[in-house]
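Below is structure06.cif, which holds mmCIF, C-alpha atoms and all ligand atoms.
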data_upload
loop_
_atom_site.group_PDB
_atom_site.id
_atom_site.type_symbol
_atom_site.label_atom_id
_atom_site.label_comp_id
_atom_site.auth_asym_id
_atom_site.auth_seq_id
_atom_site.Cartn_x
_atom_site.Cartn_y
_atom_site.Cartn_z
ATOM 1 C CA MET A 133 68.754 62.952 135.360
ATOM 2 C CA ARG A 134 67.297 59.538 136.078
ATOM 3 C CA TRP A 135 68.560 58.675 139.515
ATOM 4 C CA LYS A 136 65.587 57.805 141.748
ATOM 5 C CA GLY A 137 65.560 54.221 142.981
ATOM 6 C CA ARG A 138 68.894 53.368 141.387
ATOM 7 C CA GLU A 139 71.778 51.630 143.133
ATOM 8 C CA GLN A 140 73.775 53.782 145.578
ATOM 9 C CA SER A 141 77.466 53.877 146.434
ATOM 10 C CA LYS A 142 78.556 52.724 149.876
ATOM 11 C CA ASN A 143 81.341 55.294 149.868
ATOM 12 C CA VAL A 144 79.351 58.325 151.005
ATOM 13 C CA ILE A 145 80.162 59.615 154.475
ATOM 14 C CA ASP A 146 77.430 61.961 155.649
ATOM 15 C CA ASN A 147 78.900 64.354 158.210
ATOM 16 C CA ARG A 148 76.338 67.098 157.784
ATOM 17 C CA GLY A 149 75.257 68.530 161.097
ATOM 18 C CA LYS A 150 78.436 67.379 162.845
ATOM 19 C CA ARG A 151 80.801 70.043 164.026
ATOM 20 C CA GLY A 152 84.523 69.602 163.369
ATOM 21 C CA ALA A 153 85.815 69.387 166.936
ATOM 22 C CA VAL A 154 83.195 67.014 168.307
ATOM 23 C CA ALA A 155 83.206 64.908 165.187
ATOM 24 C CA ALA A 156 86.957 64.480 165.440
ATOM 25 C CA GLY A 157 87.349 64.329 169.228
ATOM 26 C CA GLY A 158 84.712 62.684 171.352
ATOM 27 C CA GLY A 159 84.104 62.717 175.101
ATOM 28 C CA LEU A 160 86.617 62.275 177.894
ATOM 29 C CA GLY A 161 85.172 58.907 178.933
ATOM 30 C CA LEU A 162 85.908 56.988 182.124
ATOM 31 C CA ILE A 163 89.522 56.224 181.197
ATOM 32 C CA GLY A 164 90.046 59.915 180.504
ATOM 33 C CA ILE A 165 88.634 60.809 183.899
ATOM 34 C CA ILE A 166 90.935 58.301 185.653
ATOM 35 C CA ILE A 167 93.957 59.605 183.750
ATOM 36 C CA ALA A 168 93.042 63.183 184.615
ATOM 37 C CA VAL A 169 92.760 62.299 188.319
ATOM 38 C CA VAL A 170 96.016 60.311 188.403
ATOM 39 C CA PHE A 171 97.787 63.108 186.558
ATOM 40 C CA THR A 172 96.586 65.669 189.099
ATOM 41 C CA LEU A 173 97.675 63.452 192.024
ATOM 42 C CA MET A 174 101.103 63.009 190.474
ATOM 43 C CA ARG A 175 101.510 66.746 190.342
ATOM 44 C CA GLY A 176 100.546 66.858 194.007
ATOM 45 C CA GLY A 177 97.040 68.160 193.423
ATOM 46 C CA ASP A 178 93.758 67.362 195.152
ATOM 47 C CA ALA A 179 92.025 64.230 193.791
ATOM 48 C CA GLY A 180 88.585 65.536 194.741
ATOM 49 C CA ASP A 181 89.069 68.736 192.767
ATOM 50 C CA ALA A 182 90.524 66.889 189.818
ATOM 51 C CA LEU A 183 87.646 64.448 189.774
ATOM 52 C CA LYS A 184 85.140 67.269 189.948
ATOM 53 C CA THR A 185 86.807 69.119 187.080
ATOM 54 C CA ALA A 186 87.086 65.975 184.966
ATOM 55 C CA VAL A 187 83.490 64.938 185.572
ATOM 56 C CA THR A 188 82.186 68.426 184.835
ATOM 57 C CA GLN A 189 84.207 68.499 181.645
ATOM 58 C CA ALA A 190 82.972 65.051 180.594
ATOM 59 C CA ALA A 191 79.378 66.051 181.298
ATOM 60 C CA LYS A 192 79.833 69.227 179.280
ATOM 61 C CA GLN A 193 81.207 67.287 176.335
ATOM 62 C CA ALA A 194 78.428 64.714 176.556
ATOM 63 C CA ALA A 195 75.834 67.500 176.543
ATOM 64 C CA GLN A 196 77.582 69.130 173.624
ATOM 65 C CA SER A 197 77.648 65.979 171.521
ATOM 66 C CA GLN A 198 74.034 65.347 172.415
ATOM 67 C CA ALA A 199 73.153 68.834 171.234
ATOM 68 C CA VAL A 200 75.015 68.095 168.033
ATOM 69 C CA SER A 201 73.299 64.772 167.421
ATOM 70 C CA GLY A 202 69.999 66.498 168.233
ATOM 71 C CA ALA A 203 70.773 69.134 165.646
ATOM 72 C CA ARG A 204 71.640 66.312 163.299
ATOM 73 C CA ASP A 205 68.293 64.627 163.707
ATOM 74 C CA ALA A 206 66.605 67.908 163.019
ATOM 75 C CA THR A 207 68.505 68.325 159.784
ATOM 76 C CA THR A 208 67.830 64.803 158.513
ATOM 77 C CA SER A 209 64.818 66.124 156.722
ATOM 78 C CA GLU A 210 63.378 64.568 153.630
ATOM 79 C CA ALA A 211 65.329 66.995 151.446
ATOM 80 C CA ASP A 212 68.606 66.045 153.152
ATOM 81 C CA GLN A 213 67.822 62.382 152.723
ATOM 82 C CA GLU A 214 67.062 62.923 149.070
ATOM 83 C CA MET A 215 70.287 64.853 148.551
ATOM 84 C CA ARG A 216 72.280 62.000 150.096
ATOM 85 C CA GLU A 217 70.559 59.463 147.872
ATOM 86 C CA PHE A 218 71.242 61.563 144.784
ATOM 87 C CA VAL A 219 74.927 61.995 145.642
ATOM 88 C CA ALA A 220 75.289 58.250 146.351
ATOM 89 C CA VAL A 221 73.699 57.296 143.017
ATOM 90 C CA VAL A 222 75.978 59.661 141.048
ATOM 91 C CA LEU A 223 79.012 58.385 142.955
ATOM 92 C CA LYS A 224 77.998 54.811 142.141
ATOM 93 C CA ASP A 225 77.778 55.764 138.455
ATOM 94 C CA THR A 226 81.332 57.130 138.616
ATOM 95 C CA GLU A 227 82.514 53.891 140.279
ATOM 96 C CA ASP A 228 80.929 51.734 137.596
ATOM 97 C CA VAL A 229 82.333 53.783 134.720
ATOM 98 C CA TRP A 230 85.860 54.226 136.063
ATOM 99 C CA SER A 231 86.302 50.683 137.290
ATOM 100 C CA ARG A 232 85.607 49.637 133.718
ATOM 101 C CA LEU A 233 87.651 52.312 131.872
ATOM 102 C CA LEU A 234 90.788 52.633 133.992
ATOM 103 C CA PRO A 235 91.916 48.984 133.739
ATOM 104 C CA GLU A 236 91.964 49.562 129.960
ATOM 105 C CA MET A 237 94.747 52.075 130.697
ATOM 106 C CA GLY A 238 96.474 49.562 132.957
ATOM 107 C CA ILE A 239 95.322 51.206 136.186
ATOM 108 C CA ARG A 240 93.287 49.568 138.925
ATOM 109 C CA TYR A 241 90.427 51.779 140.104
ATOM 110 C CA ARG A 242 90.200 52.435 143.801
ATOM 111 C CA ALA A 243 87.013 54.354 144.463
ATOM 112 C CA PRO A 244 87.252 57.516 146.568
ATOM 113 C CA LYS A 245 85.110 58.208 149.601
ATOM 114 C CA LEU A 246 82.854 61.238 149.370
ATOM 115 C CA VAL A 247 82.337 63.286 152.533
ATOM 116 C CA MET A 248 79.193 65.405 152.732
ATOM 117 C CA PHE A 249 79.630 68.170 155.292
ATOM 118 C CA SER A 250 78.131 71.415 156.495
ATOM 119 C CA ASP A 251 79.994 74.576 157.574
ATOM 120 C CA ARG A 252 83.463 73.141 158.124
ATOM 121 C CA THR A 253 85.309 69.860 157.810
ATOM 122 C CA PRO A 254 88.714 68.484 158.733
ATOM 123 C CA SER A 255 90.626 66.859 155.856
ATOM 124 C CA ALA A 256 94.172 65.693 155.146
ATOM 125 C CA CYS A 257 94.467 68.938 153.153
ATOM 126 C CA GLY A 258 93.616 71.026 156.210
ATOM 127 C CA SER A 259 90.384 72.319 157.630
ATOM 128 C CA ALA A 260 87.975 73.533 154.969
ATOM 129 C CA THR A 261 84.878 75.693 155.074
ATOM 130 C CA SER A 262 81.900 75.855 152.753
ATOM 131 C CA ALA A 263 83.484 78.943 151.211
ATOM 132 C CA VAL A 264 86.017 76.866 149.237
ATOM 133 C CA GLY A 265 83.299 74.927 147.411
ATOM 134 C CA PRO A 266 83.549 71.227 146.566
ATOM 135 C CA PHE A 267 87.106 69.874 146.448
ATOM 136 C CA TYR A 268 89.197 66.727 146.224
ATOM 137 C CA CYS A 269 91.993 66.045 148.691
ATOM 138 C CA PRO A 270 94.748 63.818 147.239
ATOM 139 C CA GLY A 271 96.150 63.317 150.760
ATOM 140 C CA ASP A 272 93.232 61.177 151.898
ATOM 141 C CA ASN A 273 91.692 60.330 148.504
ATOM 142 C CA GLN A 274 88.391 61.901 149.474
ATOM 143 C CA VAL A 275 85.949 64.187 147.717
ATOM 144 C CA TYR A 276 84.507 66.868 150.012
ATOM 145 C CA LEU A 277 81.115 68.245 149.244
ATOM 146 C CA ASP A 278 79.179 70.907 151.054
ATOM 147 C CA THR A 279 75.787 70.480 149.478
ATOM 148 C CA VAL A 280 75.048 74.149 150.131
ATOM 149 C CA PHE A 281 77.089 74.598 146.959
ATOM 150 C CA PHE A 282 74.331 72.863 145.020
ATOM 151 C CA ASN A 283 71.897 75.495 146.225
ATOM 152 C CA GLU A 284 74.432 78.141 145.239
ATOM 153 C CA LEU A 285 74.666 76.707 141.751
ATOM 154 C CA GLN A 286 70.998 77.472 141.509
ATOM 155 C CA THR A 287 70.764 80.800 143.327
ATOM 156 C CA ARG A 288 74.162 82.492 142.969
ATOM 157 C CA PHE A 289 75.429 80.924 139.741
ATOM 158 C CA ASN A 290 72.053 80.563 138.105
ATOM 159 C CA ALA A 291 72.840 76.993 137.016
ATOM 160 C CA PRO A 292 69.997 74.838 138.316
ATOM 161 C CA GLY A 293 69.285 71.163 137.724
ATOM 162 C CA ASP A 294 70.369 67.806 139.078
ATOM 163 C CA PHE A 295 72.761 67.141 136.230
ATOM 164 C CA ALA A 296 74.599 70.388 136.980
ATOM 165 C CA CYS A 297 75.304 68.857 140.409
ATOM 166 C CA ALA A 298 76.284 65.524 138.867
ATOM 167 C CA TYR A 299 78.805 67.346 136.659
ATOM 168 C CA VAL A 300 80.374 68.947 139.740
ATOM 169 C CA ILE A 301 80.715 65.549 141.461
ATOM 170 C CA ALA A 302 82.118 63.989 138.279
ATOM 171 C CA HIS A 303 84.661 66.824 138.002
ATOM 172 C CA GLU A 304 85.899 66.171 141.563
ATOM 173 C CA VAL A 305 86.108 62.431 140.880
ATOM 174 C CA GLY A 306 88.090 63.457 137.774
ATOM 175 C CA HIS A 307 90.709 64.911 140.156
ATOM 176 C CA HIS A 308 90.812 61.512 141.849
ATOM 177 C CA ILE A 309 91.508 59.859 138.481
ATOM 178 C CA GLN A 310 94.343 62.359 137.938
ATOM 179 C CA ASN A 311 95.709 61.412 141.334
ATOM 180 C CA LEU A 312 95.586 57.684 140.536
ATOM 181 C CA MET A 313 97.366 58.355 137.247
ATOM 182 C CA GLY A 314 100.092 60.371 138.945
ATOM 183 C CA LYS A 315 99.128 63.524 137.048
ATOM 184 C CA SER A 316 98.491 65.699 140.135
ATOM 185 C CA MET A 317 101.918 64.868 141.621
ATOM 186 C CA GLU A 318 103.625 65.549 138.313
ATOM 187 C CA VAL A 319 101.984 68.967 138.041
ATOM 188 C CA GLN A 320 102.738 69.819 141.664
ATOM 189 C CA SER A 321 106.431 69.081 141.312
ATOM 190 C CA GLN A 322 106.600 71.080 138.073
ATOM 191 C CA GLN A 323 104.816 74.013 139.698
ATOM 192 C CA ALA A 324 107.435 74.167 142.426
ATOM 193 C CA ARG A 325 109.994 75.086 139.756
ATOM 194 C CA LEU A 326 107.837 77.521 137.764
ATOM 195 C CA SER A 327 106.792 81.149 138.033
ATOM 196 C CA LYS A 328 103.328 81.891 139.380
ATOM 197 C CA LYS A 329 102.036 82.631 135.908
ATOM 198 C CA GLU A 330 103.372 79.368 134.474
ATOM 199 C CA GLY A 331 102.142 77.487 137.525
ATOM 200 C CA ASN A 332 98.635 78.893 137.042
ATOM 201 C CA ARG A 333 98.675 77.733 133.438
ATOM 202 C CA LEU A 334 99.376 74.189 134.595
ATOM 203 C CA SER A 335 96.480 74.448 137.069
ATOM 204 C CA VAL A 336 94.209 75.480 134.207
ATOM 205 C CA ARG A 337 95.294 72.444 132.184
ATOM 206 C CA LEU A 338 94.663 70.190 135.174
ATOM 207 C CA GLU A 339 91.178 71.649 135.696
ATOM 208 C CA LEU A 340 90.280 71.354 132.019
ATOM 209 C CA GLN A 341 91.438 67.743 132.105
ATOM 210 C CA ALA A 342 89.083 67.149 135.055
ATOM 211 C CA ASP A 343 86.259 68.690 132.983
ATOM 212 C CA PHE A 344 87.223 66.411 130.107
ATOM 213 C CA LEU A 345 87.083 63.414 132.466
ATOM 214 C CA ALA A 346 83.646 64.511 133.691
ATOM 215 C CA GLY A 347 82.539 64.483 130.043
ATOM 216 C CA VAL A 348 84.048 61.030 129.417
ATOM 217 C CA TRP A 349 82.198 59.807 132.500
ATOM 218 C CA ALA A 350 78.875 61.206 131.264
ATOM 219 C CA HIS A 351 79.390 59.596 127.851
ATOM 220 C CA HIS A 352 79.927 56.126 129.314
ATOM 221 C CA ALA A 353 77.372 56.435 132.112
ATOM 222 C CA GLN A 354 74.782 57.230 129.449
ATOM 223 C CA LYS A 355 75.901 54.288 127.331
ATOM 224 C CA MET A 356 75.845 51.870 130.260
ATOM 225 C CA LYS A 357 72.728 53.067 132.108
ATOM 226 C CA GLN A 358 70.823 55.690 130.080
ATOM 227 C CA ILE A 359 71.001 58.216 132.897
ATOM 228 C CA LEU A 360 70.184 61.371 130.928
ATOM 229 C CA ASP A 361 66.905 63.216 130.648
ATOM 230 C CA PRO A 362 66.363 65.793 127.904
ATOM 231 C CA GLY A 363 68.027 69.066 128.940
ATOM 232 C CA ASP A 364 70.592 67.443 131.251
ATOM 233 C CA ILE A 365 73.625 68.224 129.103
ATOM 234 C CA GLU A 366 72.514 71.853 128.862
ATOM 235 C CA GLU A 367 72.360 71.956 132.672
ATOM 236 C CA ALA A 368 75.972 70.796 132.915
ATOM 237 C CA LEU A 369 77.057 73.298 130.256
ATOM 238 C CA VAL A 370 75.338 76.161 132.058
ATOM 239 C CA ALA A 371 77.180 75.123 135.241
ATOM 240 C CA ALA A 372 80.535 74.873 133.422
ATOM 241 C CA GLN A 373 79.845 78.310 131.962
ATOM 242 C CA ALA A 374 78.906 79.777 135.351
ATOM 243 C CA ILE A 375 81.992 78.582 137.210
ATOM 244 C CA GLY A 376 84.577 79.556 134.572
ATOM 245 C CA ASP A 377 87.232 81.880 136.005
ATOM 246 C CA ASP A 378 86.435 84.746 133.647
ATOM 247 C CA THR A 379 82.738 84.666 134.492
ATOM 248 C CA LEU A 380 83.440 84.398 138.232
ATOM 249 C CA MET A 381 85.790 87.376 138.131
ATOM 250 C CA ARG A 382 83.437 89.455 136.040
ATOM 251 C CA ASN A 383 80.589 88.667 138.407
ATOM 252 C CA ALA A 384 82.774 89.606 141.361
ATOM 253 C CA GLY A 385 83.270 93.002 139.705
ATOM 254 C CA ALA A 386 86.957 92.355 139.052
ATOM 255 C CA ALA A 387 88.769 92.944 135.797
ATOM 256 C CA VAL A 388 89.356 89.663 133.992
ATOM 257 C CA ARG A 389 93.055 88.759 134.297
ATOM 258 C CA PRO A 390 93.875 85.567 132.403
ATOM 259 C CA ASP A 391 97.252 85.141 134.183
ATOM 260 C CA SER A 392 95.472 84.563 137.457
ATOM 261 C CA PHE A 393 93.124 81.949 136.027
ATOM 262 C CA THR A 394 93.403 78.578 137.688
ATOM 263 C CA HIS A 395 90.329 76.810 136.238
ATOM 264 C CA GLY A 396 89.999 78.073 132.690
ATOM 265 C CA THR A 397 87.466 80.328 131.003
ATOM 266 C CA SER A 398 83.813 79.391 130.618
ATOM 267 C CA GLU A 399 84.373 78.664 126.946
ATOM 268 C CA GLN A 400 87.308 76.349 127.704
ATOM 269 C CA ARG A 401 85.444 74.472 130.419
ATOM 270 C CA ILE A 402 82.501 73.888 128.105
ATOM 271 C CA TYR A 403 84.792 72.804 125.272
ATOM 272 C CA TRP A 404 86.645 70.167 127.299
ATOM 273 C CA PHE A 405 83.545 68.788 128.967
ATOM 274 C CA LYS A 406 81.912 68.459 125.540
ATOM 275 C CA ARG A 407 85.042 66.927 124.044
ATOM 276 C CA GLY A 408 84.974 64.143 126.653
ATOM 277 C CA LEU A 409 81.222 63.782 126.341
ATOM 278 C CA SER A 410 80.983 63.485 122.560
ATOM 279 C CA ARG A 411 83.725 60.873 122.038
ATOM 280 C CA GLY A 412 84.170 59.330 125.477
ATOM 281 C CA ASP A 413 87.717 58.568 124.382
ATOM 282 C CA LEU A 414 90.034 58.260 127.366
ATOM 283 C CA ARG A 415 93.058 58.029 125.044
ATOM 284 C CA GLU A 416 92.675 61.790 124.561
ATOM 285 C CA ILE A 417 93.327 62.373 128.233
ATOM 286 C CA ASN A 418 96.652 64.146 127.780
ATOM 287 C CA LEU A 419 95.424 66.577 125.141
ATOM 288 C CA PRO A 420 94.821 69.423 127.635
ATOM 289 C CA PHE A 421 98.559 69.198 128.417
ATOM 290 C CA GLU A 422 99.724 68.869 124.833
ATOM 291 C CA ILE A 423 97.902 71.659 123.042
ATOM 292 C CA ALA A 424 99.512 75.132 122.996
ATOM 293 C CA TYR A 425 98.127 77.191 125.858
ATOM 294 C CA ASP A 426 96.420 79.798 123.664
ATOM 295 C CA GLN A 427 94.768 76.990 121.653
ATOM 296 C CA LEU A 428 93.188 75.326 124.685
HETATM 297 ZN ZN ZN A 501 88.680 71.184 139.946
#
Output the structure of this file as structure tokens.
Ligand SMILES: [Zn+2]
Amino acid sequence: MRWKGREQSKNVIDNRGKRGAVAAGGGLGLIGIIIAVVFTLMRGGDAGDALKTAVTQAAKQAAQSQAVSGARDATTSEADQEMREFVAVVLKDTEDVWSRLLPEMGIRYRAPKLVMFSDRTPSACGSATSAVGPFYCPGDNQVYLDTVFFNELQTRFNAPGDFACAYVIAHEVGHHIQNLMGKSMEVQSQQARLSKKEGNRLSVRLELQADFLAGVWAHHAQKMKQILDPGDIEEALVAAQAIGDDTLMRNAGAAVRPDSFTHGTSEQRIYWFKRGLSRGDLREINLPFEIAYDQL
């Protein structure tokens, strides 16, 4: 993919190297110390002791956050910098495509923020670890991306290449589009009334629609900016193949049980990505919800 030196999005929040608690909290500070002392006095305690405890605690927190920012500096290697640049360029491409296409459907595009994190991150959808993989949280309109997943695409899923990563980002932004269009809410409220099996089928449709949207994005990004190198589409297809539910289950040594699918088979994921890619026609957006389930 041609991304070096291109314009970057301003909506990337790089929290890699920050640990959840410190990132969210912060030190006690002087006000905190005063409050702690006053509180102790009110309860009839010893101001000296309270002050000592508060100061020790503040010092500990300061040291901790220093250690964290130290760790952060250490991780801001060239590779990390490059990864951030890459993610910001792809995100910018999604912003440019969707802010042009969505108004044609009568919807104003509000770009999501993308949070890069390591290990664990707080989100409006709860605390998440790297183990869940990249995800979109409709509660705060943010895409969460542990870039370790990109390495996993290469090592564990055997789907290397920068465009494989771009496809993953575009898929998550696709969930944001669904949120803006009210599709996610609609599915959620339907799922509350359905059996688990029926609910899973709706999840599959939603995921295939996100793959379709990733394809539509690639179609228009290519048209607008010529972003593709030879072999890029194959990279995305290999990734879509690798993270299909059937392939994941088979690789995990489990029997393939279609009722428990929530993302669709490899074949389905490839089909819907390609469908969006070849025509780039956003008017087909509801097809994954209209076609009979066994025809998907
Ligand atoms: Zn998804």
Target residues per the PyMOL selection byres (((not hetatm)) within 8 of (chain A and resi 501)), formatted as a CSV table (one decimal) with C-alpha atoms, in the frame of the given file:
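Contents of part08.csv, freshly written:
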chain,number,residue,atom,x,y,z
A,267,PHE,CA,87.1,69.9,146.4
A,268,TYR,CA,89.2,66.7,146.2
A,303,HIS,CA,84.7,66.8,138.0
A,304,GLU,CA,85.9,66.2,141.6
A,307,HIS,CA,90.7,64.9,140.2
A,338,LEU,CA,94.7,70.2,135.2
A,339,GLU,CA,91.2,71.6,135.7
A,342,ALA,CA,89.1,67.1,135.1
A,343,ASP,CA,86.3,68.7,133.0
A,395,HIS,CA,90.3,76.8,136.2
Give me the residues near Ala374 in chain A as a compact mmCIF listing (two decimals) with C-alpha atoms, in the coordinates of the input, where near means some atom within 12 Å (using all atoms listed in the file) and where sequence neighbours in that chain fewer than 5 positions away do not count.
# COMPACT_ATOMS: atom_id res chain seq x y z
CA GLU A 284 74.43 78.14 145.24
CA LEU A 285 74.67 76.71 141.75
CA GLN A 286 71.00 77.47 141.51
CA THR A 287 70.76 80.80 143.33
CA ARG A 288 74.16 82.49 142.97
CA PHE A 289 75.43 80.92 139.74
CA ASN A 290 72.05 80.56 138.10
CA ALA A 291 72.84 76.99 137.02
CA PRO A 292 70.00 74.84 138.32
CA ALA A 296 74.60 70.39 136.98
CA VAL A 300 80.37 68.95 139.74
CA GLU A 367 72.36 71.96 132.67
CA ALA A 368 75.97 70.80 132.92
CA LEU A 369 77.06 73.30 130.26
CA THR A 379 82.74 84.67 134.49
CA LEU A 380 83.44 84.40 138.23
CA MET A 381 85.79 87.38 138.13
CA ARG A 382 83.44 89.46 136.04
CA ASN A 383 80.59 88.67 138.41
CA HIS A 395 90.33 76.81 136.24
CA GLY A 396 90.00 78.07 132.69
CA THR A 397 87.47 80.33 131.00
CA SER A 398 83.81 79.39 130.62
CA GLU A 399 84.37 78.66 126.95
CA GLN A 400 87.31 76.35 127.70
CA ARG A 401 85.44 74.47 130.42
CA ILE A 402 82.50 73.89 128.10
Apply the PyMOL selection byres (((chain A and resi 406-412) around 8) and not hetatm) to the file shown and report the selected residues as a compact mmCIF listing (two decimals) with C-alpha atoms, in the coordinates of the input.
# COMPACT_ATOMS: atom_id res chain seq x y z
CA ASP A 343 86.26 68.69 132.98
CA PHE A 344 87.22 66.41 130.11
CA LEU A 345 87.08 63.41 132.47
CA ALA A 346 83.65 64.51 133.69
CA GLY A 347 82.54 64.48 130.04
CA VAL A 348 84.05 61.03 129.42
CA TRP A 349 82.20 59.81 132.50
CA ALA A 350 78.88 61.21 131.26
CA HIS A 351 79.39 59.60 127.85
CA HIS A 352 79.93 56.13 129.31
CA ILE A 402 82.50 73.89 128.10
CA TYR A 403 84.79 72.80 125.27
CA TRP A 404 86.64 70.17 127.30
CA PHE A 405 83.54 68.79 128.97
CA ASP A 413 87.72 58.57 124.38
CA LEU A 414 90.03 58.26 127.37
(message) Could you list, as a list in words, every residue matched by the PyMOL selection byres (((chain A and resi 359) around 6) and not hetatm) in this structure?
(response)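 Output from the PyMOL selection byres (((chain A and resi 359) around 6) and not hetatm), applied to this file: Met133, Arg134, Gln354, Lys357, Gln358 and Leu360 of chain A.
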(request) Would you work out the distance separating CA of Ser335 in chain A from CA of Asp364 in chain A, expressed in Å to one decimal? (result)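 CA of Asp364 in chain A lies at a distance of 27.4 Å from CA of Ser335 in chain A.
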(message) So, with only C-alpha atoms as the atoms that count, which of A:Val219, A:Ser209, A:Ala386, A:Arg337 lies closest to Pro420 in chain A?
(response) A:Arg337
